[in-house]
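Printed here is protein14.cif (mmCIF, C-alpha atoms):
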data_work
#
loop_
_atom_site.group_PDB
_atom_site.id
_atom_site.type_symbol
_atom_site.label_atom_id
_atom_site.label_comp_id
_atom_site.auth_asym_id
_atom_site.auth_seq_id
_atom_site.Cartn_x
_atom_site.Cartn_y
_atom_site.Cartn_z
ATOM 1 C CA MET S 1 -27.415 18.693 -13.056
ATOM 2 C CA LYS S 2 -26.286 15.334 -14.383
ATOM 3 C CA SER S 3 -22.549 14.926 -14.911
ATOM 4 C CA ASP S 4 -21.154 13.543 -18.161
ATOM 5 C CA PHE S 5 -18.485 11.754 -16.177
ATOM 6 C CA PRO S 6 -19.075 8.190 -14.991
ATOM 7 C CA GLN S 7 -19.859 7.917 -11.298
ATOM 8 C CA ARG S 8 -16.966 6.404 -9.380
ATOM 9 C CA LYS S 9 -18.005 3.302 -7.485
ATOM 10 C CA SER S 10 -16.829 3.200 -3.875
ATOM 11 C CA GLN S 11 -14.303 0.467 -3.144
ATOM 12 C CA ARG S 12 -15.091 0.447 0.582
ATOM 13 C CA LEU S 13 -17.448 -2.078 2.177
ATOM 14 C CA LYS S 14 -20.861 -0.440 2.388
ATOM 15 C CA GLY S 15 -21.971 0.213 5.957
ATOM 16 C CA TYR S 16 -18.613 -0.721 7.529
ATOM 17 C CA ASP S 17 -17.009 1.825 9.882
ATOM 18 C CA TYR S 18 -13.316 1.893 8.982
ATOM 19 C CA ALA S 19 -12.540 3.826 12.178
ATOM 20 C CA THR S 20 -13.526 0.871 14.372
ATOM 21 C CA PRO S 21 -10.813 -1.369 15.807
ATOM 22 C CA GLY S 22 -9.674 -4.039 13.391
ATOM 23 C CA ALA S 23 -6.947 -5.193 11.059
ATOM 24 C CA TYR S 24 -6.766 -4.412 7.355
ATOM 25 C CA PHE S 25 -4.729 -5.551 4.371
ATOM 26 C CA ILE S 26 -4.169 -2.537 2.130
ATOM 27 C CA THR S 27 -2.801 -2.475 -1.418
ATOM 28 C CA ILE S 28 -1.750 0.854 -2.916
ATOM 29 C CA CYS S 29 -0.795 0.899 -6.610
ATOM 30 C CA VAL S 30 1.461 3.316 -8.441
ATOM 31 C CA LYS S 31 -0.410 5.228 -11.136
ATOM 32 C CA GLU S 32 -0.445 3.269 -14.403
ATOM 33 C CA ARG S 33 1.445 0.569 -12.475
ATOM 34 C CA LYS S 34 4.764 2.137 -13.355
ATOM 35 C CA GLU S 35 7.650 0.395 -11.614
ATOM 36 C CA LEU S 36 8.994 3.383 -9.716
ATOM 37 C CA LEU S 37 9.345 2.198 -6.121
ATOM 38 C CA SER S 38 11.849 -0.642 -6.366
ATOM 39 C CA LYS S 39 13.487 -3.235 -8.546
ATOM 40 C CA ILE S 40 13.415 -6.963 -7.786
ATOM 41 C CA VAL S 41 16.808 -8.527 -8.526
ATOM 42 C CA VAL S 42 16.675 -12.292 -8.835
ATOM 43 C CA GLY S 43 19.420 -13.991 -6.864
ATOM 44 C CA GLN S 44 21.987 -16.295 -8.474
ATOM 45 C CA GLY S 45 21.978 -19.962 -7.462
ATOM 46 C CA LEU S 46 20.431 -20.280 -4.010
ATOM 47 C CA ALA S 47 20.547 -16.552 -3.283
ATOM 48 C CA PRO S 48 17.069 -15.117 -2.640
ATOM 49 C CA ALA S 49 15.530 -12.360 -4.709
ATOM 50 C CA GLU S 50 16.462 -8.912 -3.452
ATOM 51 C CA ASN S 51 14.182 -5.889 -3.356
ATOM 52 C CA GLN S 52 16.200 -2.740 -4.126
ATOM 53 C CA LEU S 53 14.228 0.385 -3.259
ATOM 54 C CA SER S 54 14.487 3.448 -5.479
ATOM 55 C CA VAL S 55 14.659 6.966 -4.058
ATOM 56 C CA TYR S 56 10.839 7.020 -4.275
ATOM 57 C CA GLY S 57 10.653 3.645 -2.537
ATOM 58 C CA TYR S 58 12.789 4.964 0.326
ATOM 59 C CA ILE S 59 10.493 7.966 0.667
ATOM 60 C CA ALA S 60 7.465 5.634 0.779
ATOM 61 C CA LYS S 61 9.211 3.467 3.398
ATOM 62 C CA GLU S 62 9.983 6.489 5.548
ATOM 63 C CA GLN S 63 6.363 7.673 5.357
ATOM 64 C CA ILE S 64 4.967 4.231 6.227
ATOM 65 C CA ASP S 65 7.323 4.080 9.202
ATOM 66 C CA MET S 66 6.066 7.510 10.349
ATOM 67 C CA LEU S 67 2.357 6.615 10.255
ATOM 68 C CA GLU S 68 2.301 5.235 13.807
ATOM 69 C CA ASN S 69 3.724 8.549 15.084
ATOM 70 C CA ARG S 70 1.286 10.559 12.997
ATOM 71 C CA TYR S 71 -1.755 8.523 14.123
ATOM 72 C CA ALA S 72 -1.684 7.238 17.702
ATOM 73 C CA GLY S 73 -4.540 4.815 17.030
ATOM 74 C CA ILE S 74 -2.874 2.680 14.375
ATOM 75 C CA LYS S 75 -0.114 0.098 14.181
ATOM 76 C CA ILE S 76 1.728 -0.963 11.042
ATOM 77 C CA ASP S 77 2.171 -4.702 11.553
ATOM 78 C CA LYS S 78 3.984 -5.481 8.301
ATOM 79 C CA TYR S 79 4.496 -4.070 4.820
ATOM 80 C CA VAL S 80 6.352 -4.588 1.586
ATOM 81 C CA ILE S 81 7.180 -2.039 -1.079
ATOM 82 C CA MET S 82 7.123 -3.681 -4.493
ATOM 83 C CA PRO S 83 8.128 -2.060 -7.822
ATOM 84 C CA ASN S 84 4.620 -0.812 -8.631
ATOM 85 C CA HIS S 85 2.564 -1.325 -5.482
ATOM 86 C CA ILE S 86 2.687 -1.449 -1.701
ATOM 87 C CA HIS S 87 1.049 -3.950 0.653
ATOM 88 C CA VAL S 88 0.420 -2.862 4.248
ATOM 89 C CA LEU S 89 -0.990 -4.876 7.141
ATOM 90 C CA ILE S 90 -2.394 -2.240 9.458
ATOM 91 C CA SER S 91 -4.250 -2.424 12.773
ATOM 92 C CA ASN S 92 -6.615 0.301 13.891
ATOM 93 C CA TYR S 93 -7.445 0.380 17.598
ATOM 94 C CA GLN S 94 -8.803 2.705 20.269
ATOM 95 C CA THR S 95 -5.999 3.941 22.496
ATOM 96 C CA THR S 96 -7.971 5.220 25.491
ATOM 97 C CA ALA S 97 -11.581 5.850 26.358
ATOM 98 C CA GLY S 98 -12.573 9.409 25.652
ATOM 99 C CA ALA S 99 -9.643 10.027 23.320
ATOM 100 C CA SER S 100 -10.266 11.571 19.934
ATOM 101 C CA PRO S 101 -11.657 9.057 17.454
ATOM 102 C CA CYS S 102 -9.308 6.864 15.519
ATOM 103 C CA PRO S 103 -8.715 7.901 11.944
ATOM 104 C CA THR S 104 -10.406 5.943 9.221
ATOM 105 C CA ILE S 105 -8.187 3.778 7.067
ATOM 106 C CA SER S 106 -9.022 6.088 4.147
ATOM 107 C CA GLU S 107 -7.705 9.108 6.068
ATOM 108 C CA VAL S 108 -4.460 7.299 6.910
ATOM 109 C CA ILE S 109 -3.884 6.131 3.331
ATOM 110 C CA CYS S 110 -4.845 9.513 1.849
ATOM 111 C CA THR S 111 -2.300 11.247 4.072
ATOM 112 C CA PHE S 112 0.380 8.681 3.243
ATOM 113 C CA LYS S 113 -0.180 9.030 -0.509
ATOM 114 C CA SER S 114 -0.311 12.828 -0.416
ATOM 115 C CA VAL S 115 2.826 13.336 1.677
ATOM 116 C CA THR S 116 4.766 10.658 -0.225
ATOM 117 C CA THR S 117 3.859 12.192 -3.594
ATOM 118 C CA ARG S 118 4.829 15.686 -2.402
ATOM 119 C CA LEU S 119 8.229 14.449 -1.167
ATOM 120 C CA CYS S 120 8.836 12.456 -4.363
ATOM 121 C CA LYS S 121 8.203 15.608 -6.403
ATOM 122 C CA LYS S 122 11.056 17.258 -4.493
ATOM 123 C CA GLU S 123 13.242 14.364 -5.693
ATOM 124 C CA GLY S 124 12.320 14.817 -9.343
ATOM 125 C CA TYR S 125 9.012 13.015 -9.810
ATOM 126 C CA ASP S 126 7.197 15.266 -12.275
ATOM 127 C CA GLU S 127 3.678 13.816 -12.563
ATOM 128 C CA PRO S 128 0.739 15.229 -10.561
ATOM 129 C CA HIS S 129 0.013 11.896 -8.851
ATOM 130 C CA LEU S 130 2.344 9.076 -7.850
ATOM 131 C CA PHE S 131 -0.427 6.670 -6.844
ATOM 132 C CA GLN S 132 -3.741 5.570 -8.279
ATOM 133 C CA SER S 133 -6.634 7.528 -6.829
ATOM 134 C CA SER S 134 -8.001 4.703 -4.695
ATOM 135 C CA PHE S 135 -6.634 1.665 -2.887
ATOM 136 C CA HIS S 136 -7.756 -1.886 -2.229
ATOM 137 C CA ASP S 137 -8.622 -2.952 1.291
ATOM 138 C CA HIS S 138 -9.417 -6.309 2.802
ATOM 139 C CA ILE S 139 -10.916 -6.418 6.281
ATOM 140 C CA ILE S 140 -9.132 -9.188 8.165
ATOM 141 C CA ARG S 141 -11.702 -11.545 9.640
ATOM 142 C CA ASP S 142 -9.716 -13.820 11.972
ATOM 143 C CA ASP S 143 -6.266 -15.108 12.984
ATOM 144 C CA LYS S 144 -6.088 -17.534 10.052
ATOM 145 C CA ASP S 145 -6.785 -14.710 7.585
ATOM 146 C CA TYR S 146 -4.177 -12.523 9.342
ATOM 147 C CA GLN S 147 -1.503 -15.244 9.149
ATOM 148 C CA LYS S 148 -2.240 -15.906 5.467
ATOM 149 C CA ILE S 149 -1.773 -12.194 4.650
ATOM 150 C CA TRP S 150 1.369 -11.968 6.809
ATOM 151 C CA GLU S 151 2.890 -14.844 4.821
ATOM 152 C CA TYR S 152 1.792 -13.297 1.516
ATOM 153 C CA ILE S 153 3.592 -10.045 2.379
ATOM 154 C CA ASP S 154 6.619 -12.012 3.610
ATOM 155 C CA THR S 155 6.967 -13.929 0.331
ATOM 156 C CA ASN S 156 5.823 -11.261 -2.152
ATOM 157 C CA VAL S 157 9.358 -10.369 -3.300
ATOM 158 C CA ILE S 158 10.386 -13.956 -4.051
ATOM 159 C CA LYS S 159 7.118 -14.566 -5.914
ATOM 160 C CA TRP S 160 7.279 -11.305 -7.902
ATOM 161 C CA GLU S 161 7.096 -12.965 -11.328
ATOM 162 C CA LYS S 162 3.826 -14.655 -10.301
ATOM 163 C CA ASP S 163 2.322 -11.469 -8.848
ATOM 164 C CA CYS S 164 -0.819 -10.102 -10.537
ATOM 165 C CA PHE S 165 0.922 -6.698 -10.773
ATOM 166 C CA TYR S 166 4.011 -8.111 -12.501
ATOM 167 C CA ASN S 167 4.563 -7.028 -16.098
ATOM 168 C CA LYS S 168 7.425 -8.802 -17.839
ATOM 169 C CA GLU S 169 8.042 -5.949 -20.299
ATOM 170 C CA ARG S 170 8.267 -3.334 -17.547
ATOM 171 C CA SER S 171 10.460 -5.495 -15.323
ATOM 172 C CA GLN S 172 13.264 -5.928 -17.872
#

Now, as a test, write the supplied structure out as structure tokens.
Amino acid sequence: MKSDFPQRKSQRLKGYDYATPGAYFITICVKERKELLSKIVVGQGLAPAENQLSVYGYIAKEQIDMLENRYAGIKIDKYVIMPNHIHVLISNYQTTAGASPCPTISEVICTFKSVTTRLCKKEGYDEPHLFQSSFHDHIIRDDKDYQKIWEYIDTNVIKWEKDCFYNKERSQ
């Protein structure tokens, strides 16, 4: 039976095994890009911009920090929680020969989004989903690519107004 709904196109790289060792740059967006996770406060004079997490942002931070304990085969190298999205630099590796397989990146992100949404609902979030249904991933190819992404995450807060997810009307 043919569905009337459009078929969702997979965002993952066809034929790539996301459970294999590697490094990934992940972007997770809040549904409808609502600015719920933090607020960027521009510093006065030479003071840098400051990222002030909301209660939902703190929940997201706590859940990101817990991922390494939840999944022995991953390492969170760096992340930033922005008002309406999260960037995570994550490494997936085999811990020991014969150990259970590493989780796929999709499994890790799905768990993060599910648990974070459930905890945010306890704090008053009243929508069914906090995050968009998918996420963007970039497979890191080499050290140069890794360093470029590390720097991007490092400077994302101070470049907020130039970010593709920035919306002047929402950020007022």

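When atom CA of S:Cys120 is paired with atom CA of S:Asn84, their separation reads 14.6 Å.
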
Requested in this report: Please evaluate the PyMOL selection byres ((chain S and resi 158) around 8) against the structure above and give the resulting residues as a list of chain:residue names.
Outcome: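 The output of the PyMOL selection byres ((chain S and resi 158) around 8) on this file is S:Pro48, S:Ala49, S:Glu50, S:Thr155, S:Asn156, S:Val157, S:Lys159, S:Trp160.
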
Requested in this report: I need the residue set behind the PyMOL selection byres ((chain S and resi 82) around 8) for this file; please write it as number ranges by chain.
Outcome: S: 37-40, 51, 80-81, 83-87, 157

Keeping C-alpha atoms, export the residues of the selection given above as an mmCIF file, in the coordinates of the input.
data_model
loop_
_atom_site.group_PDB
_atom_site.id
_atom_site.type_symbol
_atom_site.label_atom_id
_atom_site.label_comp_id
_atom_site.auth_asym_id
_atom_site.auth_seq_id
_atom_site.Cartn_x
_atom_site.Cartn_y
_atom_site.Cartn_z
ATOM 1 C CA LEU S 37 9.345 2.198 -6.121
ATOM 2 C CA SER S 38 11.849 -0.642 -6.366
ATOM 3 C CA LYS S 39 13.487 -3.235 -8.546
ATOM 4 C CA ILE S 40 13.415 -6.963 -7.786
ATOM 5 C CA ASN S 51 14.182 -5.889 -3.356
ATOM 6 C CA VAL S 80 6.352 -4.588 1.586
ATOM 7 C CA ILE S 81 7.180 -2.039 -1.079
ATOM 8 C CA PRO S 83 8.128 -2.060 -7.822
ATOM 9 C CA ASN S 84 4.620 -0.812 -8.631
ATOM 10 C CA HIS S 85 2.564 -1.325 -5.482
ATOM 11 C CA ILE S 86 2.687 -1.449 -1.701
ATOM 12 C CA HIS S 87 1.049 -3.950 0.653
ATOM 13 C CA VAL S 157 9.358 -10.369 -3.300
#

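A straight line drawn from atom CA of S:Glu62 to atom CA of S:Asp137 is 21.3 Å long.
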
Report summary line: Students should find that atom CA of S:Ile149 and atom CA of S:Cys110 are spaced 22.1 Å

Starting from 5 Å padding per side, set up an axis-aligned box that covers all listed atoms of stretch 65-78 of chain S and hand over centre and edge lengths in Å, one decimal, as AutoDock Vina command-line options.
--center_x 1.4 --center_y 2.5 --center_z 13.0 --size_x 21.9 --size_y 26.0 --size_z 19.4

The PyMOL selection byres ((chain S and resi 105) around 9) resolved against shown file, as a PDB file with C-alpha atoms, keeping the file's coordinate frame:
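In the end it all went to result36.pdb:
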ATOM      1  CA  TYR S  18     -13.316   1.893   8.982  1.00  0.00           C
ATOM      2  CA  ALA S  19     -12.540   3.826  12.178  1.00  0.00           C
ATOM      3  CA  TYR S  24      -6.766  -4.412   7.355  1.00  0.00           C
ATOM      4  CA  ILE S  26      -4.169  -2.537   2.130  1.00  0.00           C
ATOM      5  CA  ILE S  90      -2.394  -2.240   9.458  1.00  0.00           C
ATOM      6  CA  ASN S  92      -6.615   0.301  13.891  1.00  0.00           C
ATOM      7  CA  PRO S 103      -8.715   7.901  11.944  1.00  0.00           C
ATOM      8  CA  THR S 104     -10.406   5.943   9.221  1.00  0.00           C
ATOM      9  CA  SER S 106      -9.022   6.088   4.147  1.00  0.00           C
ATOM     10  CA  GLU S 107      -7.705   9.108   6.068  1.00  0.00           C
ATOM     11  CA  VAL S 108      -4.460   7.299   6.910  1.00  0.00           C
ATOM     12  CA  ILE S 109      -3.884   6.131   3.331  1.00  0.00           C
ATOM     13  CA  CYS S 110      -4.845   9.513   1.849  1.00  0.00           C
ATOM     14  CA  ASP S 137      -8.622  -2.952   1.291  1.00  0.00           C
TER      15      ASP S 137
END

Each stretch 54-74 of chain S residue no farther than 12 Å from stretch 123-129 of chain S, nearest pair in Å, only C-alpha atoms, as a tab-separated table:
residue	atom	partner	partner_atom	distance
S:Ser54	CA	S:Glu123	CA	11.0
S:Val55	CA	S:Glu123	CA	7.7
S:Tyr56	CA	S:Glu123	CA	7.9
S:Gly57	CA	S:Glu123	CA	11.5
S:Tyr58	CA	S:Glu123	CA	11.2
S:Ile59	CA	S:Glu123	CA	9.4

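Every protein or nucleic acid residue with an atom no more than 9 Å from stretch 150-154 of chain S, counting only C-alpha atoms and leaving out same-chain residues fewer than 4 positions away, appears here: Asp77, Lys78, Tyr79, Val80, His87, Val88, Leu89, Asp145, Tyr146 and Ile158 of chain S.
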
Query raised in the report: Nearest to S:Lys75: which of S:Gly43, S:Leu53, S:Gly22, S:Ile140 is it, counting only C-alpha atoms?
Result: S:Gly22
